[in-house]
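S.K.: The structure under discussion is supplied below as structure tokens; questions concerning it will follow.
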Amino acid sequence: GTSNIADCDWMTAEEAARQLSTTSSNMTVMPAWVIDKYGGSDVLRFTKNASFPIIHYPNEVIVKVHAAALNPIDVSMRGGYGAATLSMKRDPLNINQTGSEFPLILGRDVSGVIMECGLDVKYFKEGDEVWAAIPPWKQGSLAEFVVLSANEVSQKPKSLSHTEAASIPYVACTAWSALVNTGGLTKENCTSKRILILGGSGGVGTFAIQMLKAWGAHVTVTCSQNAERLVRGLGADHVVDYTAGPVEVPLATLEKFDLILDNVGGATESWALGLLKPWCGAKYVTLVTPFLQNTDMLGIADGMLQTGVTVASKALKHLTKGVHYRWGFFAPSGPALDDISEMVDAGQIRAVVEEQFAFSQVPQAFQKVEKGHARGKTVVQISGGGGDDSQH
Ligand SMILES: NC(=O)C1=CN([C@@H]2O[C@H](COP(=O)(O)OP(=O)(O)OC[C@H]3O[C@@H](n4cnc5c(N)ncnc54)[C@H](OP(=O)(O)O)[C@@H]3O)[C@@H](O)[C@H]2O)C=CC1
């Protein structure tokens with residue numbers, strides 16, 4: 001609804017665009033959507049007076065945001081998910097001297113233009129078009145500018161508009177971390193592998209299908225029936241409708257898999273590990289982990305201890321059956337995005353933008369993501385230069 005908009009210092013889309021049109025190096029404030037406390041969609045507040053980002057370390061860059069995208073973690077973080085761990089990491093030196101994470105800017109994806117480089121930055125210069133996934137402990141991209149480490153940033157694919165490019169980095173870095181770093185897959189070792197993606201129609205799934213197909217894997221995907229066309233269009237070889245009945249039944253009739261990427265979680269792990277080839281290094285990697293819930297609930301030290309105990313006991317239990325059990329996590333990576341940028345420009349990976357919103361419509365964009373049932377990504381256009389706004 002619009003109630004959350006009425007009580008903030010609201011402006012129209014045209015006014016927002018005007019606000020965004022000029023920058024100067026002595027600027028101290030910028031427009032942004034912030035939260036001042038954790039909660040529902042009513043905590044999102046538009047302000048023209050968010051602190052302008054400052055380069056604190058010589059390897060940092062300031063990026064002028066052209067487009068941002070939302071992920072499920074933005075909704076979770078708005079509600080306080082990971083607060084203990086993330087706020088400690090966010091400002092370990094208490095540079096802001098506030099002792100508080102607020103006002104907090106959400107938004108984990110950015111496509112934009114480098115505006116300023118720290119003294120040690122070699123690979124970027126002012127004016128470069130870049131994209132990045134922003135770690136959850138940093139201020140986000142629902143703002144005119146964002147500060148990042150240069151090693152989190154990468155040259156944006158030339159073939160994509162900023163709007164399209166913003167839809168990729170966070171899910172791409174997550175899929176890369178889970179499949180490559182944790183799962184051990186590479187572009188060279190995928191051709192003979194059978195991969196199962198549980199939950200193929202959302203952000204991570206629509207990206208992972210394309211990357212694995214580009215690397216020559218055989219890809220089976222579970223999704224709702226109405227997403228079958230989408231995932232087949234992205235290259236899925238075999239599609240199983242999870243809404244037609246217990247999905248483990250049809251999956252159990254298939255040849256066993258070398259790797260399972262689980263984007264669904266819940267009871268899945270009670271049956272999914274049985275779908276792996278035993279005793280050949282096959283891995284189950286789940287992205288749905290209780291790591292931050294543990295630290296929220298138990299504090300950082302006890303939460304990490306609990307996490308370590310849980311994951312070690314599960315890994316051991318499954319190792320005795322000849323398969324590996326792993327938790328996958330998002331990891332920011334400019335170098336991974338460099339490789340992905342090349343794959344995009346080579347036509348192997350495309351942006352899957354389900355819906356796009358103006359900067360003035362951030363609360364509506366959140367509502368869209370909260371409803372679930374994503375078919376690709378939800379993007380927010382922040383400033384001009386979004387280029388072609390075509391939907392896919
Ligand atoms: N550990 C980490 O660091 C990270 C974890 N994640 C987590 O990974 C998961 C996926 O993220 P993301 O792709 O961005 O989320 P999205 O919201 O974009 O997509 C989720 C998709 O899963 C589908 N889905 C829901 N239930 C099932 C089911 N039982 N079987 C198959 N498909 C299902 C939904 O469609 P429909 O309901 O219509 O079928 C939707 O398309 C989320 O839980 C997210 O929190 C993501 C990034 C990093």
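Here's how to read the names in the structure tokens: chain A, B, ... by the order shown, residue numbers from 1 in each chain, ligand numbers from 1 in the order shown.
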Stretch 221-238 of chain A: which residues within 7 Å, counting only C-alpha atoms, same-chain residues fewer than 3 positions away excluded, as a PyMOL selection string?

M.R.: chain A and resi 196-201+206+209-210+213+218+241-243

S.K.: Can you tell me which residues come within 7 Å of ligand 1 when counting only C-alpha atoms and all ligand atoms, ideally as a VMD selection string?

M.R.: chain A and resid 71 to 73 171 174 198 to 205 222 to 224 242 263 to 264 287 to 289 328 to 330 369 372 to 377

S.K.: Those same residues - N, CA and C atoms - I'd like them written as an mmCIF file, in the first residue's frame.

M.R.:
```
data_model
loop_
_atom_site.group_PDB
_atom_site.id
_atom_site.type_symbol
_atom_site.label_atom_id
_atom_site.label_comp_id
_atom_site.auth_asym_id
_atom_site.auth_seq_id
_atom_site.Cartn_x
_atom_site.Cartn_y
_atom_site.Cartn_z
ATOM 1 N N ASN A 71 16.848 -8.801 -3.136
ATOM 2 C CA ASN A 71 17.001 -10.231 -2.876
ATOM 3 C C ASN A 71 16.212 -10.557 -1.618
ATOM 4 N N PRO A 72 15.894 -11.855 -1.402
ATOM 5 C CA PRO A 72 15.187 -12.192 -0.163
ATOM 6 C C PRO A 72 15.915 -11.678 1.088
ATOM 7 N N ILE A 73 17.243 -11.572 1.046
ATOM 8 C CA ILE A 73 17.965 -11.114 2.243
ATOM 9 C C ILE A 73 17.642 -9.663 2.588
ATOM 10 N N VAL A 171 23.047 -12.869 -6.903
ATOM 11 C CA VAL A 171 22.739 -14.290 -7.140
ATOM 12 C C VAL A 171 23.911 -14.988 -7.830
ATOM 13 N N THR A 174 26.559 -15.695 -5.255
ATOM 14 C CA THR A 174 26.069 -16.785 -4.405
ATOM 15 C C THR A 174 26.221 -18.127 -5.117
ATOM 16 N N LEU A 198 17.375 -27.562 -6.861
ATOM 17 C CA LEU A 198 16.075 -27.558 -6.188
ATOM 18 C C LEU A 198 15.647 -26.113 -6.046
ATOM 19 N N GLY A 199 14.609 -25.716 -6.752
ATOM 20 C CA GLY A 199 14.169 -24.323 -6.772
ATOM 21 C C GLY A 199 14.865 -23.572 -7.892
ATOM 22 N N GLY A 200 14.399 -23.768 -9.118
ATOM 23 C CA GLY A 200 15.104 -23.210 -10.281
ATOM 24 C C GLY A 200 14.560 -21.891 -10.799
ATOM 25 N N SER A 201 13.406 -21.450 -10.296
ATOM 26 C CA SER A 201 12.723 -20.321 -10.954
ATOM 27 C C SER A 201 13.045 -18.962 -10.353
ATOM 28 N N GLY A 202 13.718 -18.921 -9.198
ATOM 29 C CA GLY A 202 14.014 -17.634 -8.551
ATOM 30 C C GLY A 202 15.329 -17.047 -9.045
ATOM 31 N N GLY A 203 15.854 -16.110 -8.264
ATOM 32 C CA GLY A 203 17.069 -15.417 -8.681
ATOM 33 C C GLY A 203 18.259 -16.347 -8.806
ATOM 34 N N VAL A 204 18.566 -17.090 -7.744
ATOM 35 C CA VAL A 204 19.743 -17.968 -7.774
ATOM 36 C C VAL A 204 19.557 -19.064 -8.832
ATOM 37 N N GLY A 205 18.368 -19.653 -8.871
ATOM 38 C CA GLY A 205 18.106 -20.755 -9.805
ATOM 39 C C GLY A 205 18.257 -20.334 -11.260
ATOM 40 N N THR A 222 13.881 -28.417 -10.247
ATOM 41 C CA THR A 222 12.518 -28.477 -9.728
ATOM 42 C C THR A 222 11.963 -27.054 -9.668
ATOM 43 N N CYS A 223 10.688 -26.917 -10.020
ATOM 44 C CA CYS A 223 10.021 -25.603 -9.946
ATOM 45 C C CYS A 223 8.521 -25.838 -10.062
ATOM 46 N N SER A 224 7.756 -24.758 -9.908
ATOM 47 C CA SER A 224 6.307 -24.847 -10.132
ATOM 48 C C SER A 224 6.055 -25.075 -11.618
ATOM 49 N N TYR A 242 7.313 -29.469 -8.735
ATOM 50 C CA TYR A 242 7.248 -29.865 -7.320
ATOM 51 C C TYR A 242 5.843 -29.703 -6.741
ATOM 52 N N ASN A 263 18.095 -24.580 -3.109
ATOM 53 C CA ASN A 263 17.653 -23.211 -2.840
ATOM 54 C C ASN A 263 16.369 -23.188 -2.037
ATOM 55 N N VAL A 264 15.923 -24.357 -1.561
ATOM 56 C CA VAL A 264 14.596 -24.464 -0.949
ATOM 57 C C VAL A 264 14.688 -24.714 0.560
ATOM 58 N N LEU A 287 21.791 -23.625 0.345
ATOM 59 C CA LEU A 287 21.928 -22.187 0.619
ATOM 60 C C LEU A 287 21.033 -21.763 1.777
ATOM 61 N N VAL A 288 20.170 -22.671 2.209
ATOM 62 C CA VAL A 288 19.233 -22.303 3.265
ATOM 63 C C VAL A 288 19.781 -22.849 4.582
ATOM 64 N N THR A 289 20.495 -21.982 5.299
ATOM 65 C CA THR A 289 21.229 -22.392 6.493
ATOM 66 C C THR A 289 20.801 -21.552 7.693
ATOM 67 N N GLY A 328 26.236 -23.560 1.728
ATOM 68 C CA GLY A 328 26.750 -22.573 0.771
ATOM 69 C C GLY A 328 26.379 -21.170 1.225
ATOM 70 N N PHE A 329 27.251 -20.215 0.921
ATOM 71 C CA PHE A 329 27.011 -18.819 1.323
ATOM 72 C C PHE A 329 27.369 -17.872 0.193
ATOM 73 N N PHE A 330 26.681 -16.765 0.164
ATOM 74 C CA PHE A 330 27.086 -15.657 -0.689
ATOM 75 C C PHE A 330 28.512 -15.244 -0.333
ATOM 76 N N VAL A 369 8.825 -8.588 -3.736
ATOM 77 C CA VAL A 369 9.757 -9.651 -3.328
ATOM 78 C C VAL A 369 9.189 -10.448 -2.157
ATOM 79 N N GLY A 372 7.037 -13.571 -2.655
ATOM 80 C CA GLY A 372 7.660 -14.835 -3.065
ATOM 81 C C GLY A 372 7.317 -15.144 -4.515
ATOM 82 N N HIS A 373 7.409 -16.414 -4.873
ATOM 83 C CA HIS A 373 7.083 -16.868 -6.235
ATOM 84 C C HIS A 373 7.849 -16.096 -7.297
ATOM 85 N N ALA A 374 9.099 -15.761 -7.003
ATOM 86 C CA ALA A 374 9.889 -15.007 -7.976
ATOM 87 C C ALA A 374 10.068 -15.812 -9.256
ATOM 88 N N ARG A 375 10.100 -15.098 -10.361
ATOM 89 C CA ARG A 375 10.453 -15.698 -11.664
ATOM 90 C C ARG A 375 11.595 -14.866 -12.214
ATOM 91 N N GLY A 376 12.759 -14.981 -11.614
ATOM 92 C CA GLY A 376 13.875 -14.101 -11.939
ATOM 93 C C GLY A 376 13.968 -12.999 -10.897
ATOM 94 N N LYS A 377 14.323 -11.775 -11.325
ATOM 95 C CA LYS A 377 14.719 -10.734 -10.375
ATOM 96 C C LYS A 377 13.851 -9.486 -10.420
#
```

S.K.: Need to verify the contact set: A:Asn49, 7 Å, only C-alpha atoms, exclusion of same-chain residues closer than 2 positions in sequence. Can you return it as an NGL selection string?

M.R.: :A and (29-31 or 47 or 51)

S.K.: Restricted to C-alpha atoms, what would the selected residues look like written as a short mmCIF file (atom, residue, chain, number, x, y, z; two decimals), in the first residue's frame?

M.R.:
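Output below, filename selection_11.cif:
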```cif
data_model
loop_
_atom_site.label_atom_id
_atom_site.label_comp_id
_atom_site.auth_asym_id
_atom_site.auth_seq_id
_atom_site.Cartn_x
_atom_site.Cartn_y
_atom_site.Cartn_z
CA VAL A 29 24.33 14.14 1.67
CA MET A 30 22.50 12.06 -0.90
CA PRO A 31 19.03 10.65 -1.52
CA THR A 47 15.42 10.76 2.73
CA SER A 51 25.32 10.49 4.61
#
```

S.K.: With only C-alpha atoms as the atoms that count, which of A:Ala252, A:Ala272, A:Met304, A:Leu160 lies nearest to A:Ala346?

M.R.: A:Leu160

S.K.: Name the residues in contact with A:Cys173 at a cut-off of 12 Å, using only C-alpha atoms, excluding same-chain residues fewer than 4 positions from it; report them as an NGL selection string.

M.R.: :A and (108-109 or 131-135 or 152-154 or 167-169 or 177-181 or 203-204 or 207-208 or 211 or 328-341)

S.K.: List every residue of stretch 186-228 of chain A that DSSP, applied to the backbone, labels as strand (DSSP E or B), and write the result as a list in words.

M.R.: Arg194, Ile195, Leu196, Ile197, Leu198, His218, Val219, Thr220, Val221, Thr222 and Cys223 of chain A

S.K.: Please report the interatomic distance between atom CA of A:Gly79 and atom CA of A:Thr28 in Å with one decimal.

M.R.: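 Taking atom CA of A:Gly79 as the start and atom CA of A:Thr28 as the end point, the length is 28.3 Å.
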
S.K.: Write out as a ChimeraX atom specification the set of residues from stretch 269-364 of chain A that DSSP, computed on the backbone, places in helix (DSSP H, G or I).

M.R.: /A:269-275,291-298,300-319,334-345,359-364

S.K.: When you look at A:Val380 with a cut-off of 7 Å (counting only C-alpha atoms), what residues show up, excluding the ones that are within fewer than 3 positions of it in the same chain? I need them as a list in words.

M.R.: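 The residues that qualify are Ala67, Ala68, Ala69, Gln356, Phe357, Ala358 and Phe359 of chain A.
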
S.K.: Which is closest to A:Lys48 among A:Lys158, A:Ala143, A:Met343, A:Phe124, if we use only C-alpha atoms?

M.R.: A:Ala143

S.K.: Excluding A:Val75 and its own-chain neighbours fewer than 3 positions away, which residues fall within 10 Å of it when counting only C-alpha atoms? Please give them as an mmCIF file with C-alpha atoms, in the first residue's frame.

M.R.:
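Just written: selection.cif:
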```
data_model
loop_
_atom_site.group_PDB
_atom_site.id
_atom_site.type_symbol
_atom_site.label_atom_id
_atom_site.label_comp_id
_atom_site.auth_asym_id
_atom_site.auth_seq_id
_atom_site.Cartn_x
_atom_site.Cartn_y
_atom_site.Cartn_z
ATOM 1 C CA GLY A 39 10.336 -4.069 11.040
ATOM 2 C CA GLY A 40 7.857 -4.424 8.161
ATOM 3 C CA SER A 41 7.445 -2.315 5.033
ATOM 4 C CA LEU A 70 16.346 -6.787 -4.333
ATOM 5 C CA ASN A 71 17.001 -10.231 -2.876
ATOM 6 C CA PRO A 72 15.187 -12.192 -0.163
ATOM 7 C CA ARG A 78 14.767 -5.184 7.132
ATOM 8 C CA GLY A 79 13.261 -7.414 9.806
ATOM 9 C CA GLY A 80 16.543 -7.631 11.766
ATOM 10 C CA TYR A 81 17.985 -10.860 10.369
ATOM 11 C CA LEU A 106 19.414 -2.022 2.027
ATOM 12 C CA GLY A 107 20.058 -3.291 -1.541
ATOM 13 C CA PHE A 366 9.829 -4.862 -1.450
ATOM 14 C CA GLN A 367 6.185 -5.917 -1.474
ATOM 15 C CA VAL A 369 9.757 -9.651 -3.328
ATOM 16 C CA GLU A 370 7.923 -10.435 -0.083
#
```
